[in-house]
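Engineer: mmCIF, C-alpha atoms, file structure-v4.cif:
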```cif
data_structure
loop_
_atom_site.label_atom_id
_atom_site.label_comp_id
_atom_site.auth_asym_id
_atom_site.auth_seq_id
_atom_site.Cartn_x
_atom_site.Cartn_y
_atom_site.Cartn_z
CA MET S 1 3.76 -79.60 -23.23
CA GLN S 2 4.63 -76.17 -24.50
CA ASN S 3 1.08 -74.92 -23.81
CA GLU S 4 1.29 -76.31 -20.29
CA LYS S 5 4.53 -74.43 -19.67
CA SER S 6 2.99 -71.20 -20.96
CA ASN S 7 0.00 -71.61 -18.67
CA THR S 8 2.32 -72.16 -15.69
CA GLN S 9 4.25 -68.96 -16.45
CA ALA S 10 1.02 -67.03 -16.78
CA GLU S 11 -0.11 -68.30 -13.41
CA LYS S 12 3.18 -67.24 -11.80
CA LYS S 13 3.09 -63.69 -13.25
CA PRO S 14 3.01 -61.30 -10.27
CA LYS S 15 -0.14 -59.30 -9.78
CA PRO S 16 0.05 -55.48 -9.64
CA PRO S 17 -0.08 -54.09 -6.09
CA LYS S 18 -3.45 -52.97 -4.87
CA LYS S 19 -4.07 -49.25 -4.80
CA GLN S 20 -3.67 -47.96 -1.27
CA LYS S 21 -6.88 -45.98 -1.06
CA GLY S 22 -6.59 -45.72 2.67
CA ALA S 23 -3.16 -44.08 2.46
CA ARG S 24 -4.41 -41.52 -0.05
CA ARG S 25 -7.43 -40.74 2.08
CA ASN S 26 -5.17 -40.35 5.10
CA LYS S 27 -2.89 -37.96 3.19
CA ASN S 28 -5.85 -35.87 2.05
CA TYR S 29 -7.19 -35.76 5.59
CA LEU S 30 -3.83 -34.59 6.95
CA GLN S 31 -3.65 -31.87 4.28
CA PHE S 32 -7.18 -30.75 5.16
CA ALA S 33 -6.35 -30.73 8.87
CA LEU S 34 -3.20 -28.70 8.21
CA THR S 35 -5.14 -26.17 6.15
CA VAL S 36 -7.81 -25.72 8.83
CA GLN S 37 -5.46 -25.48 11.81
CA LEU S 38 -2.91 -23.31 10.01
CA GLY S 39 -5.63 -20.97 8.75
CA MET S 40 -7.02 -20.52 12.26
CA ALA S 41 -3.56 -19.95 13.73
CA LEU S 42 -2.64 -17.35 11.09
CA ALA S 43 -5.95 -15.57 11.58
CA VAL S 44 -5.38 -15.35 15.34
CA ALA S 45 -1.84 -14.05 14.78
CA ARG S 46 -3.13 -11.31 12.47
CA ALA S 47 -5.98 -10.34 14.78
CA THR S 48 -3.72 -10.09 17.82
CA LYS S 49 -0.80 -8.61 15.81
CA VAL S 50 1.52 -11.28 17.27
CA PRO S 51 4.18 -12.70 14.90
CA PHE S 52 3.33 -16.24 13.81
CA ASP S 53 5.73 -18.81 15.33
CA THR S 54 6.10 -21.63 12.78
CA LYS S 55 8.26 -23.78 15.05
CA ALA S 56 5.82 -23.54 17.95
CA PHE S 57 2.92 -24.38 15.63
CA CYS S 58 4.71 -27.53 14.42
CA GLU S 59 5.53 -28.60 17.98
CA SER S 60 1.96 -28.12 19.19
CA THR S 61 0.24 -29.77 16.21
CA GLY S 62 2.74 -32.42 15.13
CA PHE S 63 2.91 -31.19 11.54
CA LEU S 64 6.29 -31.16 9.81
CA MET S 65 8.05 -27.90 9.03
CA GLU S 66 8.57 -29.04 5.42
CA ASP S 67 4.78 -29.27 5.01
CA VAL S 68 3.85 -26.18 7.00
CA GLU S 69 6.13 -23.63 5.33
CA PRO S 70 4.90 -24.02 1.71
CA ALA S 71 1.29 -24.25 2.88
CA MET S 72 1.72 -21.09 4.93
CA GLU S 73 3.28 -19.22 1.99
CA LYS S 74 0.33 -20.03 -0.27
CA MET S 75 -2.18 -19.23 2.44
CA LEU S 76 -0.67 -15.82 3.24
CA VAL S 77 -0.75 -14.83 -0.44
CA GLU S 78 -4.40 -15.82 -0.68
CA MET S 79 -5.33 -14.10 2.60
CA GLU S 80 -3.71 -10.87 1.44
CA ARG S 81 -5.50 -11.04 -1.91
CA ILE S 82 -8.89 -11.51 -0.23
CA GLU S 83 -8.19 -8.75 2.29
CA ARG S 84 -7.14 -6.35 -0.45
CA GLU S 85 -10.30 -6.99 -2.48
CA ARG S 86 -12.55 -6.73 0.55
CA GLN S 87 -11.11 -3.67 2.21
CA SER S 88 -12.49 -0.24 1.49
CA TYR S 89 -12.91 3.03 3.32
CA GLU S 90 -16.14 4.85 3.99
CA PRO S 91 -15.90 8.19 5.83
CA SER S 92 -18.03 8.66 8.93
CA LEU S 93 -21.17 10.76 8.73
CA GLU S 94 -19.29 13.61 10.42
CA ASP S 95 -16.55 13.41 7.79
CA LYS S 96 -18.86 13.39 4.77
CA LYS S 97 -18.67 17.18 4.66
CA PHE S 98 -14.89 16.97 4.19
CA GLU S 99 -15.04 14.83 1.04
CA LEU S 100 -13.79 16.53 -2.12
CA THR S 101 -15.86 16.75 -5.28
CA GLY S 102 -15.27 18.00 -8.79
CA TRP S 103 -11.72 16.71 -9.11
CA HIS S 104 -10.31 14.09 -11.46
CA LEU S 105 -10.46 10.71 -9.77
CA PRO S 106 -7.64 8.52 -11.13
CA PRO S 107 -9.00 5.48 -13.00
CA LYS S 108 -8.09 1.94 -11.95
CA GLU S 109 -5.58 1.65 -14.80
CA LEU S 110 -3.39 4.28 -13.14
CA MET S 111 -3.45 2.92 -9.60
CA PRO S 112 -0.38 0.59 -9.94
CA TYR S 113 1.77 3.62 -10.87
CA PHE S 114 1.25 5.34 -7.51
CA GLY S 115 4.06 3.30 -6.00
CA SER S 116 6.79 4.66 -8.29
CA ASP S 117 9.32 7.43 -7.66
CA LEU S 118 9.19 10.73 -9.52
CA GLU S 119 12.18 10.00 -11.75
CA ASN S 120 10.44 6.93 -13.22
CA SER S 121 6.90 8.19 -12.84
CA SER S 122 4.16 7.37 -15.32
CA LEU S 123 1.82 9.69 -13.40
CA PHE S 124 3.72 12.95 -13.52
CA GLU S 125 5.90 14.89 -15.89
CA VAL S 126 8.69 16.56 -13.92
CA PHE S 127 10.09 19.89 -15.09
CA HIS S 128 13.88 19.63 -14.95
CA THR S 129 14.58 23.35 -14.91
CA MET S 130 16.01 25.81 -12.41
CA LYS S 131 12.60 27.41 -11.85
CA PRO S 132 11.32 25.00 -9.14
CA VAL S 133 14.75 25.02 -7.47
CA GLU S 134 14.72 28.82 -7.28
CA GLN S 135 11.12 28.92 -6.04
CA PHE S 136 11.68 26.33 -3.32
CA SER S 137 14.77 28.25 -2.23
CA LYS S 138 12.78 31.47 -2.08
CA ILE S 139 9.88 29.97 -0.11
CA THR S 140 12.19 28.34 2.44
CA ASN S 141 14.48 31.37 2.70
CA GLY S 142 17.38 29.27 1.43
CA SER S 143 17.06 26.58 4.09
CA SER S 144 16.37 23.95 1.41
CA ASP S 145 19.43 24.81 -0.69
CA ASP S 146 21.84 22.33 0.90
CA GLU S 147 19.33 19.47 0.69
CA ILE S 148 18.58 20.20 -2.97
CA ARG S 149 22.28 20.41 -3.83
CA GLU S 150 22.94 17.09 -2.07
CA HIS S 151 19.92 15.08 -3.23
CA GLY S 152 18.59 16.98 -6.24
CA ILE S 153 15.13 18.51 -6.38
CA LEU S 154 13.39 15.12 -6.71
CA GLY S 155 15.37 13.57 -3.86
CA PHE S 156 14.62 16.63 -1.73
CA VAL S 157 10.88 16.18 -2.29
CA GLU S 158 10.79 12.39 -1.96
CA ASN S 159 12.88 12.39 1.22
CA LEU S 160 10.12 14.33 2.94
CA PHE S 161 7.98 11.19 2.66
CA HIS S 162 10.80 8.63 2.98
CA ASP S 163 11.83 10.09 6.33
CA GLU S 164 8.31 10.02 7.75
CA PHE S 165 6.56 6.86 6.50
CA ASP S 166 7.36 3.17 6.02
CA GLU S 167 8.79 2.20 2.65
CA ASP S 168 5.75 0.15 1.61
CA VAL S 169 3.53 3.24 1.71
CA ASP S 170 5.70 6.38 1.48
CA LEU S 171 5.65 6.76 -2.32
CA ILE S 172 1.96 5.88 -2.48
CA LEU S 173 1.18 8.67 -0.03
CA MET S 174 3.41 11.10 -1.92
CA ASN S 175 1.87 10.40 -5.32
CA ALA S 176 -1.69 10.34 -3.97
CA PHE S 177 -1.21 13.66 -2.18
CA PHE S 178 0.47 15.26 -5.21
CA TRP S 179 -2.35 14.09 -7.50
CA LEU S 180 -4.93 15.52 -5.13
CA LEU S 181 -2.98 18.72 -4.61
CA TYR S 182 -2.53 19.31 -8.33
CA TYR S 183 -6.29 19.22 -8.94
CA ASN S 184 -7.44 20.85 -5.69
CA GLY S 185 -4.52 23.03 -4.63
CA ASP S 186 -5.85 26.22 -6.21
CA ARG S 187 -8.31 26.63 -3.30
CA TRP S 188 -7.97 26.60 0.46
CA LEU S 189 -9.00 23.18 1.76
CA PRO S 190 -8.61 21.34 5.10
CA VAL S 191 -5.83 18.78 5.36
CA ARG S 192 -8.49 16.40 6.66
CA SER S 193 -10.11 16.45 3.21
CA TYR S 194 -6.87 15.34 1.58
CA ALA S 195 -6.36 12.57 4.16
CA ILE S 196 -9.89 11.28 3.69
CA GLU S 197 -9.56 11.17 -0.10
CA MET S 198 -6.23 9.36 0.24
CA LEU S 199 -7.89 6.78 2.49
CA LYS S 200 -10.58 6.29 -0.14
CA LEU S 201 -7.99 5.84 -2.90
CA PHE S 202 -5.71 3.44 -1.00
CA PRO S 203 -7.66 1.95 1.92
CA TYR S 204 -5.69 -1.30 2.05
CA GLU S 205 -2.21 0.21 1.91
CA ILE S 206 -2.94 2.97 4.44
CA GLN S 207 -4.99 0.95 6.92
CA LYS S 208 -2.32 -1.74 6.82
CA ASN S 209 0.11 0.82 8.26
CA PHE S 210 -2.26 2.83 10.46
CA TYR S 211 -4.53 1.06 12.92
CA GLN S 212 -7.31 3.69 12.72
CA ASP S 213 -8.26 6.35 10.21
CA THR S 214 -8.05 8.98 12.96
CA ILE S 215 -4.42 8.01 13.59
CA PHE S 216 -3.57 8.42 9.91
CA ILE S 217 -5.39 11.76 9.70
CA LYS S 218 -3.55 13.06 12.75
CA GLU S 219 -0.12 11.87 11.57
CA PHE S 220 -0.55 13.11 8.00
CA SER S 221 -1.85 16.44 9.28
CA THR S 222 1.15 16.84 11.60
CA PHE S 223 3.48 15.85 8.76
CA THR S 224 1.85 18.41 6.44
CA ARG S 225 2.23 21.19 8.99
CA LYS S 226 5.80 20.41 10.03
CA ARG S 227 7.30 19.22 6.74
CA LEU S 228 5.25 19.90 3.61
CA ALA S 229 4.31 23.45 4.57
CA THR S 230 7.75 24.41 5.82
CA ARG S 231 9.51 22.91 2.79
CA GLY S 232 7.40 24.76 0.23
CA ILE S 233 5.02 22.07 -1.09
CA CYS S 234 1.94 23.83 0.26
CA SER S 235 1.01 27.04 2.06
CA VAL S 236 -0.88 27.39 5.32
CA LYS S 237 -3.52 30.11 5.41
CA ALA S 238 -3.05 30.87 9.09
CA ARG S 239 -0.99 29.47 11.92
CA PRO S 240 -3.04 26.49 13.17
CA THR S 241 -3.77 25.59 16.75
CA SER S 242 -2.61 22.26 18.15
CA GLU S 243 -6.22 21.05 18.02
CA GLU S 244 -6.52 22.01 14.34
CA VAL S 245 -3.31 20.14 13.56
CA GLU S 246 -4.43 17.06 15.49
CA ASN S 247 -7.72 16.93 13.59
CA GLY S 248 -6.48 18.14 10.21
CA LEU S 249 -8.73 21.20 10.30
CA PHE S 250 -6.26 23.84 9.13
CA VAL S 251 -6.45 24.73 5.43
CA ILE S 252 -3.71 24.54 2.82
CA LYS S 253 -3.11 25.51 -0.77
CA ALA S 254 -0.51 24.40 -3.36
CA THR S 255 2.48 26.72 -3.85
CA ASP S 256 3.76 28.03 -7.16
CA ALA S 257 6.90 25.99 -6.50
CA PHE S 258 4.82 22.80 -6.46
CA TYR S 259 3.11 23.67 -9.73
CA SER S 260 6.45 24.55 -11.31
CA LEU S 261 7.82 21.11 -10.40
CA LEU S 262 5.36 18.70 -11.99
CA LYS S 263 2.07 18.08 -13.74
CA PRO S 264 0.13 14.92 -14.74
CA SER S 265 1.98 13.20 -17.58
CA GLU S 266 0.62 12.77 -21.10
CA LYS S 267 0.58 9.02 -20.48
CA ALA S 268 -1.65 9.51 -17.44
CA LEU S 269 -3.93 11.90 -19.28
CA LEU S 270 -4.37 9.45 -22.16
CA VAL S 271 -6.27 7.21 -19.76
CA PRO S 272 -9.89 8.46 -19.57
CA LEU S 273 -10.31 10.20 -16.23
CA GLU S 274 -13.31 9.52 -14.04
CA LYS S 275 -15.24 12.41 -12.59
#
```
Since I need it in another form, could you write the structure as structure tokens?
Structural biologist:
Amino acid sequence: MQNEKSNTQAEKKPKPPKKQKGARRNKNYLQFALTVQLGMALAVARATKVPFDTKAFCESTGFLMEDVEPAMEKMLVEMERIERERQSYEPSLEDKKFELTGWHLPPKELMPYFGSDLENSSLFEVFHTMKPVEQFSKITNGSSDDEIREHGILGFVENLFHDEFDEDVDLILMNAFFWLLYYNGDRWLPVRSYAIEMLKLFPYEIQKNFYQDTIFIKEFSTFTRKRLATRGICSVKARPTSEEVENGLFVIKATDAFYSLLKPSEKALLVPLEK
């Protein structure tokens, strides 16, 4: 009797629910569809330089905002990583003659430091003396004195770049130009050469901000003529024509004031430099 009761209870024991394979397959399919459609939409937005409208995408595709937003965040990070690794800059055949040789190319280990300010720089040692202040004052006939008193010598120099370029690239351009100028500034060289070498060092960061290399060369050349040369960072050999400024064909040289302000730091020099 007891065995019969046990058998009855065993028969009545509920069975575990069947695995819903169809539901899982459906979820995976929806995730795949979201990835494909979202990837295509983001690619179109980047190519056309039109801001991506998440709400409009959800309305047109039927996907939920709560699913789209995290997927988009992951996808944008991955797209930027791939673009950064893939992007490079190769000068045109006409520009090959402007490339610089015989200078110390910064190794990969130093590249992350090019986004820092001069006060916290691992690239440069800054000389905190009155000598650069006096030399910048002399070169600019005293016109820099008020700016230096207000912002300090480092603020005076950095503001030249802050005022001209977007914040995601201004310090990179400053450090790249200063590195190049330190090693090449003892000879007269075209601004175009500096711009080309900067494009080679930071192709992703620069081309992200400037649609074409010619636009960057023109803007950096104009900036060098109007700001860097007039504020004592570099000297201009002769007054350039508008065409020379537009194409970066006027030549510059580092000033004594620049060399009295900074030099590559011991930390930077400990990293083996590439020729």
Engineer: Please write the residues picked by the PyMOL selection byres ((chain S and resi 92-103) around 12) on this file as a ChimeraX atom specification.
Structural biologist: /S:89-91,104-106,179-200,213-214,217,247-249,251,273-275
Engineer: Take the residues from that selection and write them out as a PDB file, keeping the file's coordinate frame, keeping C-alpha atoms.
Structural biologist:
```pdb
ATOM      1  CA  TYR S  89     -12.910   3.030   3.320  1.00  0.00           C
ATOM      2  CA  GLU S  90     -16.140   4.850   3.990  1.00  0.00           C
ATOM      3  CA  PRO S  91     -15.900   8.190   5.830  1.00  0.00           C
ATOM      4  CA  HIS S 104     -10.310  14.090 -11.460  1.00  0.00           C
ATOM      5  CA  LEU S 105     -10.460  10.710  -9.770  1.00  0.00           C
ATOM      6  CA  PRO S 106      -7.640   8.520 -11.130  1.00  0.00           C
ATOM      7  CA  TRP S 179      -2.350  14.090  -7.500  1.00  0.00           C
ATOM      8  CA  LEU S 180      -4.930  15.520  -5.130  1.00  0.00           C
ATOM      9  CA  LEU S 181      -2.980  18.720  -4.610  1.00  0.00           C
ATOM     10  CA  TYR S 182      -2.530  19.310  -8.330  1.00  0.00           C
ATOM     11  CA  TYR S 183      -6.290  19.220  -8.940  1.00  0.00           C
ATOM     12  CA  ASN S 184      -7.440  20.850  -5.690  1.00  0.00           C
ATOM     13  CA  GLY S 185      -4.520  23.030  -4.630  1.00  0.00           C
ATOM     14  CA  ASP S 186      -5.850  26.220  -6.210  1.00  0.00           C
ATOM     15  CA  ARG S 187      -8.310  26.630  -3.300  1.00  0.00           C
ATOM     16  CA  TRP S 188      -7.970  26.600   0.460  1.00  0.00           C
ATOM     17  CA  LEU S 189      -9.000  23.180   1.760  1.00  0.00           C
ATOM     18  CA  PRO S 190      -8.610  21.340   5.100  1.00  0.00           C
ATOM     19  CA  VAL S 191      -5.830  18.780   5.360  1.00  0.00           C
ATOM     20  CA  ARG S 192      -8.490  16.400   6.660  1.00  0.00           C
ATOM     21  CA  SER S 193     -10.110  16.450   3.210  1.00  0.00           C
ATOM     22  CA  TYR S 194      -6.870  15.340   1.580  1.00  0.00           C
ATOM     23  CA  ALA S 195      -6.360  12.570   4.160  1.00  0.00           C
ATOM     24  CA  ILE S 196      -9.890  11.280   3.690  1.00  0.00           C
ATOM     25  CA  GLU S 197      -9.560  11.170  -0.100  1.00  0.00           C
ATOM     26  CA  MET S 198      -6.230   9.360   0.240  1.00  0.00           C
ATOM     27  CA  LEU S 199      -7.890   6.780   2.490  1.00  0.00           C
ATOM     28  CA  LYS S 200     -10.580   6.290  -0.140  1.00  0.00           C
ATOM     29  CA  ASP S 213      -8.260   6.350  10.210  1.00  0.00           C
ATOM     30  CA  THR S 214      -8.050   8.980  12.960  1.00  0.00           C
ATOM     31  CA  ILE S 217      -5.390  11.760   9.700  1.00  0.00           C
ATOM     32  CA  ASN S 247      -7.720  16.930  13.590  1.00  0.00           C
ATOM     33  CA  GLY S 248      -6.480  18.140  10.210  1.00  0.00           C
ATOM     34  CA  LEU S 249      -8.730  21.200  10.300  1.00  0.00           C
ATOM     35  CA  VAL S 251      -6.450  24.730   5.430  1.00  0.00           C
ATOM     36  CA  LEU S 273     -10.310  10.200 -16.230  1.00  0.00           C
ATOM     37  CA  GLU S 274     -13.310   9.520 -14.040  1.00  0.00           C
ATOM     38  CA  LYS S 275     -15.240  12.410 -12.590  1.00  0.00           C
TER      39      LYS S 275
END
```
Engineer: Between CA of His162 in chain S and CA of Cys234 in chain S, what is the spacing in Å?
Structural biologist: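 Pair CA of Cys234 in chain S / CA of His162 in chain S returns 17.8 Å.
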Engineer: Counting all atoms listed in the file, figure out which residue out of S:Val36, S:Phe136, S:Ile148, S:Tyr204 gets nearest to Asp168 in chain S.
Structural biologist: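 Selected residue with least distance to Asp168 in chain S: S:Tyr204.
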Engineer: Written as a PyMOL selection string, which residues does the PyMOL selection byres ((chain S and resi 147) around 12) give for the file shown?
Structural biologist: chain S and resi 133+136-137+140+142-146+148-160+231
Engineer: In Å, with one decimal, what is the gap from CA of Lys237 in chain S to CA of Tyr259 in chain S?
Structural biologist: 17.7 Å
Engineer: To one decimal place, how far is CA of Ala229 in chain S from CA of Thr255 in chain S in Å?
Structural biologist: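 A separation of 9.2 Å between them.
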Engineer: Run the PyMOL selection byres ((chain S and resi 113) around 9) against the file shown and list the residues it catches, as a ChimeraX atom specification.
Structural biologist: /S:109-112,114-116,121-123,172,175
Engineer: Which one of S:Thr35, S:Thr48, S:Ser260, S:Ser88 sits closest to Glu69 in chain S if you count all atoms listed in the file?
Structural biologist: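 So, comparing all the options, the nearest one is S:Thr35.
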